[in-house]
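Asker: Here you go, this is model-v7.txt (compact mmCIF, C-alpha atoms and all ligand atoms).
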```
# COMPACT_ATOMS: atom_id res chain seq x y z
CA MET Y 1 76.55 -99.88 117.38
CA ARG Y 2 80.22 -100.24 116.51
CA GLY Y 3 81.18 -103.90 116.65
CA ALA Y 4 77.57 -105.09 116.55
CA ARG Y 5 77.13 -108.39 114.74
CA THR Y 6 75.30 -108.47 111.43
CA GLY Y 7 73.40 -111.44 110.02
CA ARG Y 8 76.38 -112.83 108.16
CA GLY Y 9 78.59 -112.83 111.25
CA LYS Y 10 80.68 -109.81 110.35
CA SER Y 11 80.66 -106.78 112.56
CA ILE Y 12 79.52 -103.47 111.10
CA GLY Y 13 82.93 -102.16 112.11
CA SER Y 14 84.69 -104.70 109.93
CA HIS Y 15 82.43 -103.80 107.00
CA ARG Y 16 83.40 -100.20 107.49
CA ARG Y 17 87.08 -101.08 107.59
CA GLU Y 18 86.75 -103.07 104.37
CA HIS Y 19 85.03 -100.11 102.78
CA GLU Y 20 87.77 -97.76 103.97
CA THR Y 21 90.48 -100.04 102.58
CA LYS Y 22 88.64 -100.22 99.27
CA SER Y 23 88.23 -96.46 98.99
CA LYS Y 24 91.86 -95.95 99.95
CA ALA Y 25 92.92 -98.31 97.15
CA MET Y 26 90.79 -96.36 94.73
CA SER Y 27 91.59 -92.91 96.01
CA ASN Y 28 94.34 -92.54 93.44
CA GLU Y 29 91.79 -93.04 90.71
CA SER Y 30 90.73 -89.81 89.02
CA VAL Y 31 87.09 -89.20 88.07
CA GLU Y 32 88.03 -89.78 84.42
CA GLN Y 33 89.60 -93.13 85.27
CA ARG Y 34 86.52 -94.08 87.23
CA VAL Y 35 84.29 -93.14 84.29
CA ASN Y 36 86.47 -95.25 81.99
CA ARG Y 37 86.30 -98.20 84.34
CA LEU Y 38 82.52 -97.94 84.66
CA HIS Y 39 82.07 -97.66 80.89
CA ALA Y 40 84.44 -100.47 79.97
CA PRO Y 41 81.85 -103.30 80.09
CA GLY Y 42 79.66 -101.36 77.61
CA LEU Y 43 76.49 -99.33 78.14
CA VAL Y 44 73.05 -100.62 77.16
CA ASP Y 45 70.72 -98.06 75.54
CA LEU Y 46 67.40 -99.71 74.82
CA HIS Y 47 65.97 -97.13 72.45
CA PHE Y 48 67.57 -95.68 69.36
CA ASP Y 49 65.95 -95.06 65.95
CA LEU Y 50 68.88 -96.58 64.09
CA PRO Y 51 67.14 -98.75 61.42
CA PHE Y 52 64.83 -95.82 60.65
CA ASP Y 53 67.77 -93.59 59.75
CA LEU Y 54 69.74 -96.31 57.93
CA TYR Y 55 66.66 -97.01 55.78
CA GLU Y 56 66.12 -93.34 54.92
CA LYS Y 57 69.78 -93.17 53.83
CA ARG Y 58 69.81 -96.53 52.04
CA SER Y 59 71.06 -94.89 48.85
CA ARG Y 60 74.15 -93.84 50.83
CA PRO Y 61 75.19 -97.06 52.62
CA GLY Y 62 78.01 -97.18 55.13
CA GLN Y 63 76.33 -94.85 57.66
CA LEU Y 64 76.64 -97.39 60.46
CA THR Y 65 80.43 -97.29 60.41
CA ALA Y 66 80.89 -93.74 59.12
CA HIS Y 67 78.43 -91.92 61.37
CA TYR Y 68 77.38 -94.13 64.28
CA LEU Y 69 80.40 -96.26 65.11
CA PRO Y 70 82.63 -93.37 66.23
CA GLU Y 71 79.90 -92.11 68.60
CA PHE Y 72 79.23 -95.59 69.99
CA GLU Y 73 82.94 -96.18 70.52
CA ALA Y 74 83.47 -92.82 72.19
CA GLY Y 75 80.71 -93.65 74.68
CA ASN Y 76 81.66 -97.34 75.11
CA ILE Y 77 78.23 -98.44 73.96
CA GLY Y 78 77.84 -102.21 74.31
CA LEU Y 79 74.26 -102.74 73.19
CA ILE Y 80 71.69 -100.72 71.28
CA GLY Y 81 67.97 -101.38 71.11
CA ALA Y 82 67.56 -100.63 67.40
CA ALA Y 83 63.97 -99.50 66.85
CA ILE Y 84 61.86 -100.12 63.76
CA TYR Y 85 59.50 -97.17 63.44
CA ILE Y 86 57.18 -96.36 60.55
CA ASP Y 87 56.69 -92.71 59.73
CA ASP Y 88 53.12 -91.46 59.10
CA ARG Y 89 53.82 -90.77 55.45
CA TYR Y 90 54.24 -94.51 54.76
CA LEU Y 91 50.95 -95.54 56.33
CA PRO Y 92 48.82 -97.51 55.92
CA GLU Y 93 49.91 -99.23 52.70
CA MET Y 94 53.67 -99.20 53.15
CA GLY Y 95 53.98 -100.29 56.79
CA LEU Y 96 55.09 -103.84 56.10
CA ARG Y 97 57.40 -102.92 53.24
CA VAL Y 98 59.16 -100.17 55.20
CA GLY Y 99 59.40 -102.32 58.33
CA LEU Y 100 61.09 -105.08 56.33
CA GLY Y 101 63.16 -102.47 54.51
CA GLN Y 102 64.52 -101.10 57.80
CA ILE Y 103 65.50 -104.57 59.02
CA THR Y 104 67.03 -105.35 55.62
CA GLN Y 105 69.11 -102.19 55.71
CA LEU Y 106 70.31 -102.98 59.24
CA TYR Y 107 71.47 -106.45 58.11
CA ARG Y 108 73.10 -104.98 54.98
CA GLU Y 109 75.05 -102.46 57.04
CA VAL Y 110 76.09 -105.01 59.67
CA ALA Y 111 77.30 -107.38 56.91
CA ASN Y 112 79.95 -104.76 56.14
CA ALA Y 113 80.67 -103.80 59.74
CA PRO Y 114 82.42 -106.54 61.73
CA GLN Y 115 82.27 -104.30 64.82
CA PHE Y 116 78.53 -105.09 65.17
CA ALA Y 117 76.40 -108.17 65.71
CA ILE Y 118 72.61 -108.50 65.51
CA CYS Y 119 71.69 -110.61 68.54
CA LYS Y 120 68.60 -112.72 69.11
CA THR Y 121 69.46 -114.47 72.38
CA TYR Y 122 71.21 -113.63 75.61
CA GLU Y 123 73.93 -116.08 74.65
CA GLU Y 124 74.50 -114.21 71.36
CA ILE Y 125 74.68 -110.93 73.25
CA ARG Y 126 77.21 -112.40 75.65
CA ARG Y 127 79.33 -113.78 72.81
CA ALA Y 128 79.21 -110.50 70.87
CA ARG Y 129 80.32 -108.57 73.93
CA ALA Y 130 83.11 -111.06 74.70
CA ALA Y 131 84.36 -110.53 71.14
CA GLY Y 132 84.28 -106.75 71.65
CA LYS Y 133 81.37 -106.24 69.26
CA ILE Y 134 78.46 -103.87 69.74
CA ALA Y 135 75.29 -105.93 70.14
CA LEU Y 136 72.19 -104.78 68.26
CA VAL Y 137 68.82 -105.98 69.51
CA ILE Y 138 66.00 -105.19 67.08
CA THR Y 139 62.97 -103.59 68.68
CA MET Y 140 59.68 -102.41 67.20
CA GLU Y 141 58.01 -99.14 68.15
CA GLY Y 142 54.43 -99.60 67.01
CA VAL Y 143 53.19 -102.76 65.29
CA GLU Y 144 52.18 -101.02 62.04
CA PRO Y 145 54.39 -103.39 59.99
CA LEU Y 146 52.12 -106.27 61.03
CA GLY Y 147 49.07 -104.54 59.59
CA GLU Y 148 46.30 -106.60 61.15
CA ASP Y 149 47.92 -110.00 60.67
CA PRO Y 150 49.11 -111.56 63.94
CA ASN Y 151 50.82 -114.37 62.00
CA LEU Y 152 53.45 -111.91 60.75
CA LEU Y 153 54.76 -111.66 64.31
CA ARG Y 154 56.51 -114.99 63.82
CA VAL Y 155 58.25 -113.68 60.68
CA PHE Y 156 59.55 -110.62 62.50
CA SER Y 157 60.61 -112.80 65.40
CA GLU Y 158 62.63 -114.96 62.96
CA LEU Y 159 64.23 -111.79 61.63
CA GLY Y 160 65.36 -110.93 65.14
CA VAL Y 161 62.76 -108.57 66.63
CA ARG Y 162 63.01 -109.16 70.38
CA VAL Y 163 61.24 -106.19 71.95
CA ILE Y 164 57.82 -104.90 70.86
CA GLY Y 165 55.81 -101.86 71.91
CA LEU Y 166 52.32 -101.93 70.46
CA THR Y 167 51.99 -98.27 69.55
CA HIS Y 168 53.73 -94.96 69.07
CA ALA Y 169 51.64 -91.87 69.84
CA ARG Y 170 48.96 -92.57 67.23
CA ARG Y 171 46.17 -95.12 67.25
CA ASN Y 172 46.75 -98.33 65.30
CA ALA Y 173 45.20 -101.76 64.87
CA ALA Y 174 46.50 -102.87 68.30
CA GLY Y 175 45.57 -99.93 70.51
CA SER Y 176 46.18 -96.25 71.20
CA GLY Y 177 49.26 -94.34 72.20
CA GLY Y 178 49.34 -91.91 75.11
CA VAL Y 179 49.18 -88.28 73.99
CA PHE Y 180 51.86 -85.69 74.75
CA LYS Y 181 49.43 -83.91 77.08
CA PRO Y 182 48.21 -84.68 80.62
CA SER Y 183 45.03 -86.27 79.25
CA GLY Y 184 43.06 -86.80 76.08
CA SER Y 185 43.98 -90.17 74.57
CA SER Y 186 41.36 -92.79 73.87
CA ARG Y 187 39.82 -94.35 76.96
CA ASP Y 188 39.85 -97.66 75.13
CA GLY Y 189 42.46 -100.24 75.92
CA LEU Y 190 43.73 -102.77 73.41
CA THR Y 191 41.87 -104.21 70.46
CA GLU Y 192 41.45 -107.98 70.13
CA PHE Y 193 44.39 -107.87 67.70
CA GLY Y 194 46.46 -106.02 70.31
CA ARG Y 195 45.64 -108.59 72.98
CA GLU Y 196 46.57 -111.40 70.63
CA ILE Y 197 49.93 -109.76 69.88
CA VAL Y 198 50.71 -109.39 73.59
CA ARG Y 199 49.90 -113.05 74.32
CA GLU Y 200 51.87 -114.19 71.28
CA CYS Y 201 54.89 -112.07 72.29
CA GLU Y 202 55.09 -113.81 75.65
CA ARG Y 203 54.75 -117.18 73.91
CA LEU Y 204 57.46 -116.43 71.32
CA GLY Y 205 59.86 -114.95 73.86
CA ILE Y 206 59.53 -111.34 72.70
CA ILE Y 207 59.79 -108.73 75.45
CA VAL Y 208 56.69 -106.54 75.79
CA ASP Y 209 57.59 -102.84 75.90
CA LEU Y 210 55.07 -100.48 77.51
CA ALA Y 211 56.60 -97.27 76.13
CA HIS Y 212 54.00 -94.94 74.53
CA ILE Y 213 50.87 -97.04 75.18
CA ASN Y 214 47.93 -95.10 76.66
CA PRO Y 215 46.99 -95.62 80.33
CA SER Y 216 44.14 -98.08 79.69
CA GLY Y 217 46.29 -100.14 77.33
CA PHE Y 218 49.09 -100.15 79.90
CA ALA Y 219 46.79 -101.54 82.59
CA GLU Y 220 45.43 -104.17 80.24
CA ILE Y 221 48.91 -105.39 79.26
CA VAL Y 222 49.88 -105.69 82.94
CA ASP Y 223 46.81 -107.92 83.45
CA LEU Y 224 47.41 -110.01 80.33
CA THR Y 225 51.04 -110.89 81.00
CA GLU Y 226 53.09 -112.72 83.60
CA LYS Y 227 56.72 -112.12 82.71
CA PRO Y 228 58.76 -109.02 83.64
CA LEU Y 229 57.60 -105.96 81.68
CA ILE Y 230 59.73 -103.08 80.54
CA VAL Y 231 59.34 -99.49 79.43
CA SER Y 232 62.25 -99.01 77.03
CA HIS Y 233 62.20 -95.20 77.00
CA THR Y 234 60.06 -92.89 79.06
CA ASN Y 235 60.11 -90.20 81.73
CA ALA Y 236 58.28 -89.70 85.00
CA ARG Y 237 54.98 -87.81 84.86
CA LYS Y 238 55.93 -86.36 88.22
CA PHE Y 239 58.36 -84.05 86.41
CA TYR Y 240 56.68 -83.81 83.00
CA ASP Y 241 53.00 -84.60 83.17
CA MET Y 242 51.85 -86.14 79.91
CA GLU Y 243 50.24 -89.46 79.07
CA ARG Y 244 53.27 -90.44 77.03
CA ASN Y 245 55.31 -90.50 80.27
CA ILE Y 246 54.49 -92.81 83.17
CA SER Y 247 52.86 -92.23 86.55
CA ASP Y 248 54.15 -93.39 89.92
CA ASP Y 249 51.57 -96.21 89.93
CA GLN Y 250 52.73 -97.36 86.51
CA ILE Y 251 56.36 -97.31 87.66
CA LYS Y 252 55.35 -99.40 90.68
CA ALA Y 253 53.56 -101.89 88.41
CA ILE Y 254 56.80 -102.39 86.45
CA GLY Y 255 58.72 -102.81 89.70
CA GLN Y 256 56.30 -105.38 91.06
CA ARG Y 257 56.95 -107.51 87.99
CA GLY Y 258 60.72 -107.26 88.31
CA GLY Y 259 60.90 -105.09 85.20
CA VAL Y 260 63.00 -102.11 84.19
CA VAL Y 261 62.15 -98.51 83.24
CA GLY Y 262 64.53 -96.96 80.70
CA VAL Y 263 64.89 -93.23 81.32
CA ASN Y 264 64.46 -91.09 78.20
CA ALA Y 265 66.70 -88.06 77.57
CA ILE Y 266 64.24 -86.00 75.52
CA LEU Y 267 61.15 -85.54 77.71
CA VAL Y 268 62.88 -84.69 80.95
CA SER Y 269 61.20 -81.31 81.39
CA PRO Y 270 58.53 -79.14 79.78
CA THR Y 271 61.11 -76.35 79.54
CA GLN Y 272 64.49 -76.01 77.88
CA GLU Y 273 66.03 -74.65 81.10
CA GLY Y 274 64.86 -77.74 82.97
CA SER Y 275 66.37 -80.11 80.40
CA THR Y 276 69.68 -80.87 82.06
CA ILE Y 277 71.63 -83.98 82.98
CA ASP Y 278 70.95 -83.18 86.63
CA HIS Y 279 67.22 -83.32 85.98
CA TYR Y 280 67.65 -86.51 83.94
CA ILE Y 281 69.19 -87.99 87.09
CA ASP Y 282 66.22 -86.72 89.11
CA HIS Y 283 64.07 -89.06 86.96
CA ILE Y 284 66.48 -91.93 87.70
CA GLU Y 285 66.33 -91.17 91.43
CA HIS Y 286 62.56 -90.96 91.33
CA VAL Y 287 62.28 -94.44 89.77
CA ILE Y 288 64.77 -95.80 92.32
CA GLY Y 289 62.75 -94.22 95.14
CA LEU Y 290 59.64 -96.07 93.96
CA ILE Y 291 60.95 -99.48 92.89
CA GLY Y 292 64.61 -99.68 93.84
CA ILE Y 293 67.92 -99.64 92.01
CA ASP Y 294 67.14 -102.87 90.10
CA GLY Y 295 64.28 -101.20 88.22
CA VAL Y 296 66.04 -98.47 86.27
CA GLY Y 297 68.05 -98.35 83.05
CA ILE Y 298 68.69 -96.00 80.15
CA GLY Y 299 66.60 -95.58 77.00
CA LEU Y 300 68.11 -92.39 75.73
CA ASP Y 301 66.09 -91.94 72.52
CA PHE Y 302 68.68 -89.59 71.01
CA CYS Y 303 66.93 -88.07 68.00
CA GLU Y 304 68.00 -84.47 67.74
CA TYR Y 305 69.99 -85.33 64.62
CA LEU Y 306 66.83 -86.73 63.00
CA PHE Y 307 65.08 -83.43 63.58
CA GLN Y 308 68.00 -81.51 62.21
CA GLN Y 309 67.86 -83.58 59.03
CA LEU Y 310 64.24 -82.67 58.37
CA PRO Y 311 63.26 -79.69 56.24
CA ARG Y 312 62.14 -76.96 58.63
CA LYS Y 313 58.49 -77.23 57.62
CA GLU Y 314 58.39 -80.97 58.32
CA ALA Y 315 60.10 -80.52 61.67
CA GLU Y 316 57.44 -77.98 62.60
CA GLU Y 317 54.72 -80.43 61.57
CA VAL Y 318 56.18 -83.15 63.78
CA GLU Y 319 56.34 -80.71 66.70
CA ALA Y 320 52.73 -79.66 66.12
CA LYS Y 321 51.59 -83.29 65.94
CA LEU Y 322 53.55 -84.52 68.96
CA THR Y 323 55.39 -82.02 71.09
CA LYS Y 324 58.50 -79.89 71.14
CA ALA Y 325 61.23 -82.09 72.57
CA HIS Y 326 63.78 -80.23 74.69
CA PHE Y 327 67.13 -81.84 74.13
CA ILE Y 328 69.74 -81.88 76.88
CA PRO Y 329 72.61 -79.82 75.41
CA ASP Y 330 75.44 -82.02 76.73
CA LEU Y 331 73.62 -85.32 76.25
CA THR Y 332 72.50 -85.45 72.62
CA ASN Y 333 74.40 -88.44 71.26
CA HIS Y 334 76.16 -91.56 72.47
CA SER Y 335 79.61 -89.99 72.54
CA GLN Y 336 78.33 -87.75 75.37
CA THR Y 337 77.21 -90.53 77.71
CA ARG Y 338 80.37 -90.02 79.78
CA ASN Y 339 78.84 -86.69 80.86
CA LEU Y 340 76.00 -88.67 82.40
CA THR Y 341 78.30 -91.05 84.25
CA ARG Y 342 80.44 -88.16 85.50
CA LYS Y 343 77.30 -86.51 86.87
CA LEU Y 344 76.13 -89.75 88.53
CA ILE Y 345 79.50 -89.87 90.30
CA GLU Y 346 79.17 -86.22 91.31
CA ARG Y 347 75.70 -86.96 92.73
CA GLY Y 348 77.16 -89.68 94.96
CA PHE Y 349 76.02 -92.84 93.21
CA THR Y 350 78.15 -95.89 94.04
CA ASP Y 351 79.89 -98.00 91.41
CA GLU Y 352 77.37 -100.78 91.89
CA GLN Y 353 74.43 -98.41 91.39
CA ILE Y 354 75.98 -96.85 88.30
CA GLU Y 355 76.68 -100.26 86.78
CA LYS Y 356 73.07 -101.30 87.30
CA ILE Y 357 71.79 -98.11 85.68
CA LEU Y 358 74.18 -98.20 82.73
CA TYR Y 359 73.92 -101.88 81.77
CA ARG Y 360 73.42 -104.50 84.47
CA ASN Y 361 69.65 -104.18 84.85
CA TRP Y 362 68.96 -104.45 81.13
CA MET Y 363 71.35 -107.38 80.88
CA ARG Y 364 69.45 -109.12 83.67
CA ILE Y 365 66.23 -108.70 81.67
CA PHE Y 366 67.88 -110.18 78.56
CA GLU Y 367 69.23 -113.08 80.59
CA GLN Y 368 65.77 -113.75 82.01
CA LEU Y 369 63.75 -113.28 78.84
CA LEU Y 370 65.93 -113.95 75.79
ZN ZN Y 401 59.42 -93.32 71.28
```
Would you mind writing the structure in this file as structure tokens?

Answerer:
Amino acid sequence: MRGARTGRGKSIGSHRREHETKSKAMSNESVEQRVNRLHAPGLVDLHFDLPFDLYEKRSRPGQLTAHYLPEFEAGNIGLIGAAIYIDDRYLPEMGLRVGLGQITQLYREVANAPQFAICKTYEEIRRARAAGKIALVITMEGVEPLGEDPNLLRVFSELGVRVIGLTHARRNAAGSGGVFKPSGSSRDGLTEFGREIVRECERLGIIVDLAHINPSGFAEIVDLTEKPLIVSHTNARKFYDMERNISDDQIKAIGQRGGVVGVNAILVSPTQEGSTIDHYIDHIEHVIGLIGIDGVGIGLDFCEYLFQQLPRKEAEEVEAKLTKAHFIPDLTNHSQTRNLTRKLIERGFTDEQIEKILYRNWMRIFEQLL
């Protein structure tokens, strides 16, 4: 085979020589230098409950710079999907008020933090990144703030919401969430309100996020839409079988539409021993095996600190209602994302693959859809 011609007129041998020259040039680079180089353009994490926490601490403003900025900077985070999420205790009456309150608090904090920019378009993301700012894209996890009024979608769109998942784990006016068990959620798909929201999202240029929706709702959204679909944060049912995670067929459906699956760091395994960065990467490899390297990103969903903030009784209630999340000990906040990249290197991923996983694939989606 050596010397055989390839389609573009170069011999395989010359490709190999180029590769050898390239690796020789880089052979002086330490793993740490390689991690730094790969992180420099800025990672994209499409799921983080940031507005939720800023709102809960609104009487103590300045959290964005005091608490989050150092972690984001340590991990070279370039873009955060900042998720609006309404806690059960506010529902049903307070959904809209708390949703608006979370967005308000995000804007208030960013007004005093020149290191951040709330971005509504791909161009704004690009400009923020060129200026060295961390881009924040507002996402919504469950449409409870809309109540049952589809017209409010336009208001939230004006405020900057660019990614919407219809439900969290519970049932709402749009549909039902997948349960944290292998089966048992409603067999129903979306409500008429839910279908209207999905159609309106595509019309307004809001990305539809399939995280959390139950299997029938998932299938219905695939049928209703035409643009690339995403799952901002999830894991593979192959390794942790629950409706809240996604099956191989669901992963393939995302791939067929040119979408991206963001791999979640908190539902990697049903056991604590299995919750490791290595196993997180198994999920990445599984998605790649099914739909290719262009279909995978990160949606880390770091929330251990939120649990730690809760009184013990409340934390137990959340665990009873949902599930016990097993956090990965050396991947619990954004400052630890270098551990992930180091492990991807150790597992033999190429620079190009790592770049796609860490930010390029999500950026492609923003370029296409925002
Ligand atoms: Zn979630």

Asker: Calculate how many Å separate CA of Gly255 in chain Y from CA of Arg203 in chain Y, rounding to one decimal.

Answerer: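 Between CA of Gly255 in chain Y and CA of Arg203 in chain Y the gap is 21.7 Å.
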
Asker: Write out as a list in words each polymer residue whose atoms come within 10 Å of Pro114 in chain Y, counting only C-alpha atoms; drop sequence neighbours fewer than 3 positions from it.

Answerer: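 Near neighbours after the sequence-gap exclusion: Thr65, Glu109, Val110, Ala111, Ala117, Lys133 and Ile134 of chain Y.
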
Asker: As an exercise, work out the distance from CA of Pro311 in chain Y to CA of Ile266 in chain Y in Å and give it to one decimal place.

Answerer: 20.3 Å

Asker: May I ask which of the residues Y:Ile84, Y:Ile288, Y:Val98, Y:Ile251 is the closest one to ligand ZN 401 (chain Y), counting only C-alpha atoms and all ligand atoms?

Answerer: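 Answer, going by the shortest atom-to-atom distance: Y:Ile84.
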
Asker: Around ligand ZN 401 (chain Y), which protein and nucleic acid residues have at least one atom no more than 7 Å from it, if we count all atoms listed in the file? List them as a list in words.

Answerer: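 Sorted by chain and then by number, the residues are Glu141, His168, Ala211, His212, His233 and Asp301 of chain Y.
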
Asker: Which polymer residues have any atom within 12 Å of an atom of Thr350 in chain Y, counting all atoms listed in the file, with same-chain residues fewer than 6 positions away left out, as a PyMOL selection string?

Answerer: chain Y and resi 19+23+34-35+38+293+341-344+356-357

Asker: Out of Y:Pro228, Y:Gly274, Y:Gly348, Y:Gly142, which residue has the shortest atom-to-atom distance to Gly295 in chain Y when counting only C-alpha atoms?

Answerer: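 Closest residue, counting only C-alpha atoms: Y:Pro228.
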
Asker: Could you work out how far CA of Ile164 in chain Y lies from CA of Gly177 in chain Y, giving the answer in Å with one decimal?

Answerer: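 Interatomic distance here is 13.7 Å.
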
Asker: Using only C-alpha atoms, what table do you get, as a tab-separated table, when you list each residue of range 54-99 of chain Y with an atom no more than 6 Å from range 331-340 of chain Y, its nearest pair of atoms, and their distance in Å rounded to one decimal, rows by chain then rising number?

Answerer:
```
residue	atom	partner	partner_atom	distance
Y:Glu71	CA	Y:Ser335	CA	4.5
Y:Phe72	CA	Y:His334	CA	5.6
Y:Ala74	CA	Y:Ser335	CA	4.8
Y:Gly75	CA	Y:Ser335	CA	4.4
```

Asker: Counting only C-alpha atoms, which residue out of Y:Asp49, Y:Leu100, Y:His279, Y:Gly189 sits closest to Phe156 in chain Y?

Answerer: Y:Leu100

Asker: Ranking Y:Pro329, Y:Ile345, Y:Asn172, Y:Gln368 by minimum distance to Leu229 in chain Y and counting all atoms listed in the file, which one comes first?

Answerer: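 Nearest to Leu229 in chain Y: Y:Gln368.
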
Asker: With distances taken over only C-alpha atoms, which of Y:Ala169, Y:Ile138, Y:Leu43, Y:Ala253 is nearest to Gly297 in chain Y?

Answerer: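 Between Y:Ala169, Y:Ile138, Y:Leu43, Y:Ala253, the residue approaching Gly297 in chain Y most closely is Y:Leu43.
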
Asker: Excluding Ala236 in chain Y and its own-chain neighbours fewer than 4 positions away, which residues fall within 8 Å of it when counting all atoms listed in the file? Please give them as a count of residues only.

Answerer: 10
